[in-house]
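Containing compact mmCIF, C-alpha atoms (C1' of nucleotides): final.txt.
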# COMPACT_ATOMS: atom_id res chain seq x y z
CA MET A 1 107.43 114.86 101.68
CA ALA A 2 104.67 117.16 100.49
CA ASP A 3 105.33 116.55 96.82
CA THR A 4 105.09 112.79 96.66
CA PRO A 5 103.93 112.07 93.12
CA LEU A 6 100.81 109.94 93.42
CA GLY A 7 100.70 106.68 91.52
CA GLU A 8 97.79 105.77 89.31
CA PHE A 9 96.28 103.15 91.54
CA GLU A 10 96.94 105.21 94.64
CA GLN A 11 94.82 107.92 93.16
CA VAL A 12 92.02 105.53 92.34
CA VAL A 13 92.05 104.20 95.88
CA LEU A 14 92.14 107.68 97.39
CA LEU A 15 89.18 108.78 95.31
CA ALA A 16 87.22 105.67 96.27
CA ILE A 17 87.86 106.37 99.95
CA PHE A 18 86.75 109.92 99.42
CA ARG A 19 83.45 108.81 97.93
CA LEU A 20 82.79 106.30 100.67
CA GLY A 21 83.20 108.82 103.45
CA GLU A 22 82.72 107.26 106.86
CA ASN A 23 82.20 103.77 105.54
CA ALA A 24 85.57 103.23 103.89
CA TYR A 25 87.34 100.00 104.75
CA GLY A 26 88.99 97.19 102.80
CA VAL A 27 85.93 95.44 101.47
CA THR A 28 83.84 98.50 100.61
CA ILE A 29 86.79 100.22 98.97
CA ARG A 30 87.30 97.20 96.79
CA GLU A 31 83.64 97.16 95.83
CA GLU A 32 83.63 100.86 95.11
CA ILE A 33 86.60 100.52 92.79
CA ALA A 34 85.05 97.56 91.01
CA ALA A 35 81.80 99.49 90.58
CA HIS A 36 83.31 102.69 89.24
CA THR A 37 86.27 101.55 87.18
CA ASP A 38 87.23 98.62 85.01
CA ARG A 39 89.52 97.34 87.71
CA ASP A 40 88.82 94.60 90.20
CA PRO A 41 91.86 94.56 92.42
CA SER A 42 92.65 91.60 94.61
CA PRO A 43 92.48 92.11 98.38
CA GLY A 44 96.24 91.91 98.63
CA ALA A 45 96.71 94.60 96.02
CA LEU A 46 94.49 96.97 97.93
CA TYR A 47 95.84 96.36 101.42
CA THR A 48 99.40 96.71 100.24
CA THR A 49 98.69 100.05 98.63
CA LEU A 50 96.72 101.16 101.68
CA ALA A 51 99.63 100.30 103.97
CA ARG A 52 102.09 102.20 101.80
CA MET A 53 99.90 105.24 101.68
CA GLU A 54 99.50 105.24 105.42
CA GLU A 55 103.27 105.13 105.74
CA LYS A 56 103.47 108.19 103.54
CA GLY A 57 100.82 109.94 105.61
CA LEU A 58 98.25 110.12 102.83
CA VAL A 59 95.67 108.18 104.80
CA LYS A 60 95.02 107.37 108.41
CA SER A 61 93.30 104.27 109.74
CA ARG A 62 91.56 103.28 112.94
CA LEU A 63 90.19 99.95 114.04
CA GLY A 64 86.40 99.98 114.42
CA ASP A 65 84.16 97.88 116.62
CA PRO A 66 83.27 94.36 115.55
CA THR A 67 79.79 94.19 114.04
CA PRO A 68 77.28 91.68 115.42
CA ASP A 69 77.48 89.47 112.37
CA ARG A 70 78.84 86.10 111.71
CA GLY A 71 82.51 86.72 111.01
CA GLY A 72 81.91 90.32 111.94
CA ARG A 73 85.50 91.04 112.54
CA ALA A 74 86.64 94.55 113.43
CA LYS A 75 87.01 96.68 110.33
CA ARG A 76 89.92 98.95 109.74
CA PHE A 77 88.35 102.23 108.66
CA VAL A 78 90.39 104.47 106.45
CA LYS A 79 90.32 108.22 106.15
CA ILE A 80 92.17 110.63 103.91
CA THR A 81 94.50 113.03 105.67
CA PRO A 82 94.80 116.71 104.73
CA SER A 83 98.10 115.87 103.13
CA GLY A 84 96.42 113.08 101.15
CA LEU A 85 93.68 115.41 100.01
CA ASP A 86 96.28 117.89 98.95
CA ALA A 87 98.12 115.25 96.95
CA VAL A 88 94.97 114.29 95.02
CA ALA A 89 94.11 117.89 94.32
CA ARG A 90 97.62 118.56 93.12
CA ALA A 91 97.63 115.50 90.88
CA GLN A 92 94.30 116.57 89.44
CA ARG A 93 95.47 120.04 88.74
CA SER A 94 98.58 119.02 86.87
CA TYR A 95 96.58 116.46 84.95
CA GLN A 96 93.99 119.05 84.02
CA ASN A 97 96.80 121.35 83.04
CA LEU A 98 98.29 118.82 80.69
CA LEU A 99 94.90 118.25 79.12
CA ARG A 100 94.27 121.92 78.53
CA GLY A 101 93.51 122.55 74.89
CA ILE A 102 93.63 118.93 73.90
CA SER A 103 90.64 117.22 72.42
CA LEU A 104 91.13 113.52 72.37
CA PRO A 105 89.42 111.54 69.62
CA GLY A 106 86.92 109.15 71.12
CA LEU A 107 86.59 111.04 74.35
CA ALA A 108 83.42 112.90 75.11
CA HIS A 109 83.94 116.28 76.66
CA GLY A 110 82.24 117.05 79.92
CA MET B 111 96.72 93.23 75.08
CA ALA B 112 94.10 95.88 74.46
CA ASP B 113 93.49 96.59 78.12
CA THR B 114 96.97 97.51 79.24
CA PRO B 115 96.43 99.85 82.18
CA LEU B 116 98.39 103.00 81.44
CA GLY B 117 100.83 104.20 84.05
CA GLU B 118 100.84 107.77 85.26
CA PHE B 119 104.01 108.84 83.51
CA GLU B 120 103.11 106.93 80.38
CA GLN B 121 99.97 108.97 80.17
CA VAL B 122 101.86 112.21 80.61
CA VAL B 123 104.25 111.26 77.85
CA LEU B 124 101.47 110.18 75.52
CA LEU B 125 99.64 113.45 76.02
CA ALA B 126 102.81 115.44 75.40
CA ILE B 127 103.35 113.59 72.14
CA PHE B 128 99.78 114.27 71.18
CA ARG B 129 100.22 117.98 71.71
CA LEU B 130 103.44 118.10 69.73
CA GLY B 131 102.00 116.45 66.66
CA GLU B 132 104.58 116.06 63.91
CA ASN B 133 107.43 117.50 65.92
CA ALA B 134 107.52 114.96 68.72
CA TYR B 135 110.91 113.52 69.52
CA GLY B 136 113.02 113.01 72.65
CA VAL B 137 114.11 116.56 73.28
CA THR B 138 110.85 118.32 72.43
CA ILE B 139 108.80 115.80 74.41
CA ARG B 140 110.96 116.46 77.41
CA GLU B 141 110.55 120.21 77.01
CA GLU B 142 106.81 119.88 76.56
CA ILE B 143 106.51 117.89 79.77
CA ALA B 144 108.66 120.36 81.67
CA ALA B 145 106.56 123.25 80.39
CA HIS B 146 103.16 121.76 81.16
CA THR B 147 103.71 119.79 84.36
CA ASP B 148 105.80 120.06 87.48
CA ARG B 149 107.99 117.25 86.26
CA ASP B 150 111.35 117.54 84.60
CA PRO B 151 112.22 113.99 83.67
CA SER B 152 115.77 112.98 82.84
CA PRO B 153 116.48 111.89 79.28
CA GLY B 154 116.89 108.32 80.42
CA ALA B 155 113.53 108.30 82.12
CA LEU B 156 111.83 109.41 78.95
CA TYR B 157 113.60 107.15 76.50
CA THR B 158 113.05 104.12 78.69
CA THR B 159 109.34 104.77 78.90
CA LEU B 160 109.19 105.50 75.18
CA ALA B 161 110.87 102.18 74.39
CA ARG B 162 108.51 100.28 76.65
CA MET B 163 105.48 101.93 75.11
CA GLU B 164 106.69 101.11 71.64
CA GLU B 165 107.06 97.50 72.69
CA LYS B 166 103.46 97.52 73.84
CA GLY B 167 102.36 99.09 70.57
CA LEU B 168 101.20 102.37 72.09
CA VAL B 169 103.56 104.46 70.01
CA LYS B 170 105.47 104.04 66.79
CA SER B 171 108.76 105.71 65.90
CA ARG B 172 110.69 106.48 62.77
CA LEU B 173 114.15 107.88 62.29
CA GLY B 174 114.15 111.32 60.63
CA ASP B 175 116.81 112.96 58.50
CA PRO B 176 119.81 114.61 60.15
CA THR B 177 119.45 118.37 60.29
CA PRO B 178 122.29 120.52 58.93
CA ASP B 179 123.32 121.72 62.36
CA ARG B 180 126.33 121.12 64.40
CA GLY B 181 125.50 117.92 66.21
CA GLY B 182 122.41 117.66 64.09
CA ARG B 183 121.97 114.02 64.65
CA ALA B 184 118.97 112.18 63.21
CA LYS B 185 115.92 112.54 65.42
CA ARG B 186 113.67 109.66 66.29
CA PHE B 187 110.16 110.98 65.75
CA VAL B 188 107.38 109.45 67.77
CA LYS B 189 103.72 109.04 66.92
CA ILE B 190 100.80 107.65 68.87
CA THR B 191 99.19 104.56 67.41
CA PRO B 192 95.42 104.02 67.30
CA SER B 193 95.84 101.55 70.14
CA GLY B 194 97.76 104.17 72.11
CA LEU B 195 95.07 106.74 71.50
CA ASP B 196 92.49 104.27 72.64
CA ALA B 197 94.42 103.55 75.81
CA VAL B 198 94.57 107.25 76.74
CA ALA B 199 90.90 107.72 76.02
CA ARG B 200 90.02 104.70 78.10
CA ALA B 201 92.18 105.84 81.00
CA GLN B 202 90.55 109.25 80.85
CA ARG B 203 87.09 107.84 80.80
CA SER B 204 87.55 105.63 83.82
CA TYR B 205 89.22 108.49 85.64
CA GLN B 206 86.37 110.83 84.80
CA ASN B 207 83.97 108.15 85.86
CA LEU B 208 85.57 107.84 89.26
CA LEU B 209 85.46 111.59 89.67
CA ARG B 210 81.77 111.83 88.85
CA GLY B 211 79.92 113.55 91.64
CA ILE B 212 82.98 114.28 93.67
CA SER B 213 83.96 117.79 94.54
CA LEU B 214 87.43 117.90 95.87
CA PRO B 215 88.28 120.61 98.38
CA GLY B 216 90.91 122.89 96.98
CA LEU B 217 90.25 121.97 93.39
CA ALA B 218 88.59 124.43 91.10
CA HIS B 219 85.97 122.97 88.83
CA GLY B 220 86.17 123.47 85.09
C1' DG C 221 81.17 75.74 124.81
C1' DG C 222 83.90 74.28 121.05
C1' DG C 223 84.49 73.30 116.28
C1' DA C 224 82.50 74.82 111.65
C1' DT C 225 81.87 78.84 109.17
C1' DT C 226 82.57 83.41 107.68
C1' DA C 227 84.05 88.63 107.13
C1' DG C 228 87.79 90.74 107.01
C1' DA C 229 92.78 91.89 107.38
C1' DA C 230 97.66 91.07 106.61
C1' DC C 231 101.88 88.64 104.66
C1' DT C 232 104.90 87.14 100.88
C1' DA C 233 106.48 87.25 96.55
C1' DC C 234 106.80 88.95 92.15
C1' DT C 235 106.19 92.05 87.98
C1' DA C 236 105.92 96.43 85.95
C1' DT C 237 106.65 101.23 85.94
C1' DG C 238 109.34 105.37 87.20
C1' DT C 239 113.67 107.53 87.46
C1' DA C 240 118.42 109.17 87.08
C1' DG C 241 122.92 109.69 85.17
C1' DG C 242 126.11 108.94 82.22
C1' DA C 243 127.90 106.60 77.88
C1' DC C 244 127.46 106.41 73.25
C1' DT C 245 126.86 108.20 68.29
C1' DA C 246 126.84 111.00 64.45
C1' DA C 247 126.98 115.20 62.77
C1' DT C 248 129.53 119.97 61.99
C1' DG C 249 133.35 123.19 62.07
C1' DG C 250 137.72 124.92 62.55
C1' DC D 251 140.99 114.91 62.66
C1' DC D 252 139.75 116.22 67.00
C1' DA D 253 136.81 119.29 69.80
C1' DT D 254 132.14 120.25 70.28
C1' DT D 255 127.34 119.56 70.26
C1' DA D 256 122.31 117.54 69.57
C1' DG D 257 120.46 113.75 70.37
C1' DT D 258 119.76 108.92 71.59
C1' DC D 259 120.37 104.79 74.26
C1' DC D 260 122.28 101.70 78.14
C1' DT D 261 122.60 100.27 82.98
C1' DA D 262 121.05 100.18 87.32
C1' DC D 263 118.07 100.80 90.93
C1' DA D 264 113.68 102.63 93.49
C1' DT D 265 108.92 102.66 93.84
C1' DA D 266 104.15 101.26 92.66
C1' DG D 267 100.93 97.57 91.11
C1' DT D 268 99.19 92.98 91.63
C1' DA D 269 97.83 88.31 92.95
C1' DG D 270 97.23 84.55 95.94
C1' DT D 271 97.29 82.68 100.19
C1' DT D 272 97.24 82.57 104.98
C1' DC D 273 96.06 84.47 109.43
C1' DT D 274 92.50 86.21 112.83
C1' DA D 275 88.55 87.06 115.30
C1' DA D 276 84.01 86.97 115.38
C1' DT D 277 79.21 84.37 115.20
C1' DC D 278 76.38 80.00 114.71
C1' DC D 279 74.81 75.59 115.77
C1' DC D 280 74.62 71.46 118.04
Would you mind writing the file's structure down as structure tokens?
Amino acid sequence: MADTPLGEFEQVVLLAIFRLGENAYGVTIREEIAAHTDRDPSPGALYTTLARMEEKGLVKSRLGDPTPDRGGRAKRFVKITPSGLDAVARAQRSYQNLLRGISLPGLAHG
Amino acid sequence: MADTPLGEFEQVVLLAIFRLGENAYGVTIREEIAAHTDRDPSPGALYTTLARMEEKGLVKSRLGDPTPDRGGRAKRFVKITPSGLDAVARAQRSYQNLLRGISLPGLAHG
DNA sequence: GGGATTAGAACTACTATGTAGGACTAATGG
DNA sequence: CCATTAGTCCTACATAGTAGTTCTAATCCC
């Protein structure tokens, strides 16, 4: 299953997790996505996708310790697996490849 | 319906059409995708997606003249609409935005 | 110390997108 | 006029995207 084609939203979630590093869990991932894209996914949308990706081995999760806060329930921290990292890189590469030589009107190069 | 979030494959198809310019129709689009990505979509996969995108106003199609070839059936040429172009550009931008500041292991920059 | 309150996760249900394979169609050529 | 061929379209199903709601476990306050 090394060549699972990543879905659009899966990629967005993976990248958000990547950015967050050690502090990636449901709530922060959602915030990160909202901050860096035009999306604002519902909790359900995120957790469902997270669960599916874990099934496919793209991410791994571990339950953290409860924080000393009101409602400080234990967070489920998420981390990208090597296989997940590979999948993002691969997706990026083929995307980049398709873009090669194209200049899209209305899109700034960078 | 200006903010339709483009799917992964939709984007690939759109970009292929863009590259092909005036000569974009079923067969050539399929070849273009096969040549520039790791995918090799079946005819059905492509035509279905094309039909859906036309419904959403992302592409427009017109029937060409039959070519004087054996089996030279009339081709259905496809063109990206302004709204389609906008959708790709938007998708690109938010993708780029999410990538900002990230350096992915195993992915060459460029 | 037990119910109100709250952060956070998980379930259910549904829609949309991705995908294949084969049927259909319209043209030529012998 | 039927075999052959380029090309399109139909049918059916798998997978990804999405929302809303409910469940859970922890503090806070009286």
Closest pair table for chain A residues within 9 Å of chain D, all atoms listed in the file, as CSV:
residue,atom,partner,partner_atom,distance
A:Gly7,CA,D:DA266,C1',6.5
A:Glu8,CA,D:DA266,C1',8.5
A:Phe9,CA,D:DG267,C1',7.3
A:Glu10,CA,D:DA266,C1',8.5
A:Pro41,CA,D:DT268,C1',7.5
A:Ser42,CA,D:DA269,C1',6.4
A:Pro43,CA,D:DA269,C1',8.5
A:Gly44,CA,D:DA269,C1',6.9
A:Ala45,CA,D:DT268,C1',5.3
A:Leu46,CA,D:DT268,C1',8.8
A:Thr49,CA,D:DA266,C1',8.2
A:Pro66,CA,D:DA276,C1',7.4
A:Thr67,CA,D:DA276,C1',8.5
A:Pro68,CA,D:DT277,C1',7.6
A:Asp69,CA,D:DT277,C1',6.1
A:Arg70,CA,D:DT277,C1',3.9
A:Gly71,CA,D:DA276,C1',4.6
A:Gly72,CA,D:DA276,C1',5.2
A:Arg73,CA,D:DA276,C1',5.2
A:Ala74,CA,D:DA275,C1',8.0
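Here C1' of DA230 in chain C is placed at a distance of 24.1 Å from CA of Ala35 in chain A.
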Here CA of Arg186 in chain B and CA of Ala134 in chain B stand apart by 8.5 Å
- request: List the neighbours of Val188 in chain B out to 8 Å using all atoms listed in the file; skip same-chain residues closer than 4 positions along the sequence, and give me the result as a PyMOL selection string.
  value: chain B and resi 127+134-135+169-172
Give as a PyMOL selection string every residue of chain B that touches chain A within 10 Å, counting only C-alpha atoms. chain B and resi 113+115-119+121-122+125-126+128-129+142-143+145-149+192+195-196+198-220
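Using only C-alpha atoms (C1' of nucleotides) for every distance, the candidate list A:Asp40, A:Thr48, A:Ala87, A:Leu58 yields A:Thr48 as the residue closest to chain C.
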note - CA of Leu173 in chain B and CA of Phe187 in chain B are separated by 6.1 Å
Using all atoms listed in the file, which residues of chain C come within 8 Å of chain B, and what is the closest atom pair for each, with the distance in Å to one decimal? Give it as a Markdown table, sorted by chain and residue number.
| residue | atom | partner | partner_atom | distance |
| --- | --- | --- | --- | --- |
| C:DT237 | C1' | B:Gly117 | CA | 6.8 |
| C:DG238 | C1' | B:Ala155 | CA | 7.2 |
| C:DT239 | C1' | B:Ala155 | CA | 5.4 |
| C:DA240 | C1' | B:Ser152 | CA | 6.3 |
| C:DG241 | C1' | B:Gly154 | CA | 7.8 |
| C:DA246 | C1' | B:Arg183 | CA | 5.7 |
| C:DA247 | C1' | B:Gly181 | CA | 4.6 |
| C:DT248 | C1' | B:Arg180 | CA | 4.2 |
| C:DG249 | C1' | B:Arg180 | CA | 7.7 |
Output as AutoDock Vina command-line options the centre and edge lengths (Å, one decimal) of the box along x, y and z of the file that holds every listed atom of range 120-136 of chain B after adding 5 Å on each side.
--center_x 106.3 --center_y 112.5 --center_z 72.3 --size_x 23.4 --size_y 21.2 --size_z 26.7
Could you extract range 42-65 of chain A of the given structure into a file holding N, CA and C atoms, as a PDB file, in the first residue's frame?
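Wrote selection.pdb, looks like this:
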ATOM      1  N   SER A  42     -15.434  20.968   9.937  1.00  0.00           N
ATOM      2  CA  SER A  42     -16.091  20.621  11.188  1.00  0.00           C
ATOM      3  C   SER A  42     -15.257  19.571  11.912  1.00  0.00           C
ATOM      4  N   PRO A  43     -15.427  19.468  13.227  1.00  0.00           N
ATOM      5  CA  PRO A  43     -14.683  18.462  13.983  1.00  0.00           C
ATOM      6  C   PRO A  43     -14.846  17.080  13.372  1.00  0.00           C
ATOM      7  N   GLY A  44     -16.062  16.726  13.085  1.00  0.00           N
ATOM      8  CA  GLY A  44     -16.336  15.405  12.527  1.00  0.00           C
ATOM      9  C   GLY A  44     -15.548  15.135  11.265  1.00  0.00           C
ATOM     10  N   ALA A  45     -15.505  16.136  10.393  1.00  0.00           N
ATOM     11  CA  ALA A  45     -14.784  15.986   9.139  1.00  0.00           C
ATOM     12  C   ALA A  45     -13.328  15.623   9.400  1.00  0.00           C
ATOM     13  N   LEU A  46     -12.736  16.345  10.345  1.00  0.00           N
ATOM     14  CA  LEU A  46     -11.334  16.120  10.645  1.00  0.00           C
ATOM     15  C   LEU A  46     -11.080  14.744  11.261  1.00  0.00           C
ATOM     16  N   TYR A  47     -11.835  14.424  12.291  1.00  0.00           N
ATOM     17  CA  TYR A  47     -11.590  13.164  12.994  1.00  0.00           C
ATOM     18  C   TYR A  47     -11.806  11.961  12.088  1.00  0.00           C
ATOM     19  N   THR A  48     -12.780  12.060  11.229  1.00  0.00           N
ATOM     20  CA  THR A  48     -13.028  10.971  10.288  1.00  0.00           C
ATOM     21  C   THR A  48     -11.821  10.749   9.392  1.00  0.00           C
ATOM     22  N   THR A  49     -11.329  11.831   8.836  1.00  0.00           N
ATOM     23  CA  THR A  49     -10.178  11.758   7.944  1.00  0.00           C
ATOM     24  C   THR A  49      -8.942  11.248   8.691  1.00  0.00           C
ATOM     25  N   LEU A  50      -8.776  11.742   9.916  1.00  0.00           N
ATOM     26  CA  LEU A  50      -7.665  11.307  10.754  1.00  0.00           C
ATOM     27  C   LEU A  50      -7.715   9.789  10.974  1.00  0.00           C
ATOM     28  N   ALA A  51      -8.896   9.307  11.299  1.00  0.00           N
ATOM     29  CA  ALA A  51      -9.070   7.875  11.561  1.00  0.00           C
ATOM     30  C   ALA A  51      -8.732   7.049  10.325  1.00  0.00           C
ATOM     31  N   ARG A  52      -9.196   7.533   9.174  1.00  0.00           N
ATOM     32  CA  ARG A  52      -8.931   6.798   7.930  1.00  0.00           C
ATOM     33  C   ARG A  52      -7.445   6.785   7.618  1.00  0.00           C
ATOM     34  N   MET A  53      -6.803   7.889   7.863  1.00  0.00           N
ATOM     35  CA  MET A  53      -5.373   7.950   7.558  1.00  0.00           C
ATOM     36  C   MET A  53      -4.573   7.076   8.508  1.00  0.00           C
ATOM     37  N   GLU A  54      -5.042   6.975   9.723  1.00  0.00           N
ATOM     38  CA  GLU A  54      -4.331   6.101  10.653  1.00  0.00           C
ATOM     39  C   GLU A  54      -4.480   4.642  10.211  1.00  0.00           C
ATOM     40  N   GLU A  55      -5.658   4.310   9.720  1.00  0.00           N
ATOM     41  CA  GLU A  55      -5.898   2.960   9.213  1.00  0.00           C
ATOM     42  C   GLU A  55      -4.945   2.624   8.067  1.00  0.00           C
ATOM     43  N   LYS A  56      -4.681   3.634   7.256  1.00  0.00           N
ATOM     44  CA  LYS A  56      -3.807   3.441   6.109  1.00  0.00           C
ATOM     45  C   LYS A  56      -2.330   3.567   6.477  1.00  0.00           C
ATOM     46  N   GLY A  57      -2.076   3.882   7.748  1.00  0.00           N
ATOM     47  CA  GLY A  57      -0.690   3.952   8.195  1.00  0.00           C
ATOM     48  C   GLY A  57       0.011   5.255   7.855  1.00  0.00           C
ATOM     49  N   LEU A  58      -0.749   6.274   7.489  1.00  0.00           N
ATOM     50  CA  LEU A  58      -0.130   7.549   7.138  1.00  0.00           C
ATOM     51  C   LEU A  58       0.188   8.377   8.379  1.00  0.00           C
ATOM     52  N   VAL A  59      -0.588   8.180   9.421  1.00  0.00           N
ATOM     53  CA  VAL A  59      -0.314   8.851  10.688  1.00  0.00           C
ATOM     54  C   VAL A  59      -0.409   7.848  11.834  1.00  0.00           C
ATOM     55  N   LYS A  60       0.115   8.268  12.961  1.00  0.00           N
ATOM     56  CA  LYS A  60       0.097   7.430  14.142  1.00  0.00           C
ATOM     57  C   LYS A  60      -0.376   8.335  15.268  1.00  0.00           C
ATOM     58  N   SER A  61      -1.153   7.804  16.205  1.00  0.00           N
ATOM     59  CA  SER A  61      -1.609   8.669  17.292  1.00  0.00           C
ATOM     60  C   SER A  61      -1.362   8.025  18.646  1.00  0.00           C
ATOM     61  N   ARG A  62      -1.167   8.895  19.646  1.00  0.00           N
ATOM     62  CA  ARG A  62      -1.014   8.391  21.003  1.00  0.00           C
ATOM     63  C   ARG A  62      -1.790   9.324  21.919  1.00  0.00           C
ATOM     64  N   LEU A  63      -2.357   8.757  22.961  1.00  0.00           N
ATOM     65  CA  LEU A  63      -3.123   9.529  23.908  1.00  0.00           C
ATOM     66  C   LEU A  63      -2.171  10.218  24.879  1.00  0.00           C
ATOM     67  N   GLY A  64      -2.324  11.543  25.024  1.00  0.00           N
ATOM     68  CA  GLY A  64      -1.449  12.281  25.939  1.00  0.00           C
ATOM     69  C   GLY A  64      -2.012  12.300  27.351  1.00  0.00           C
ATOM     70  N   ASP A  65      -1.350  13.053  28.213  1.00  0.00           N
ATOM     71  CA  ASP A  65      -1.851  13.210  29.578  1.00  0.00           C
ATOM     72  C   ASP A  65      -2.879  14.332  29.612  1.00  0.00           C
TER      73      ASP A  65
END
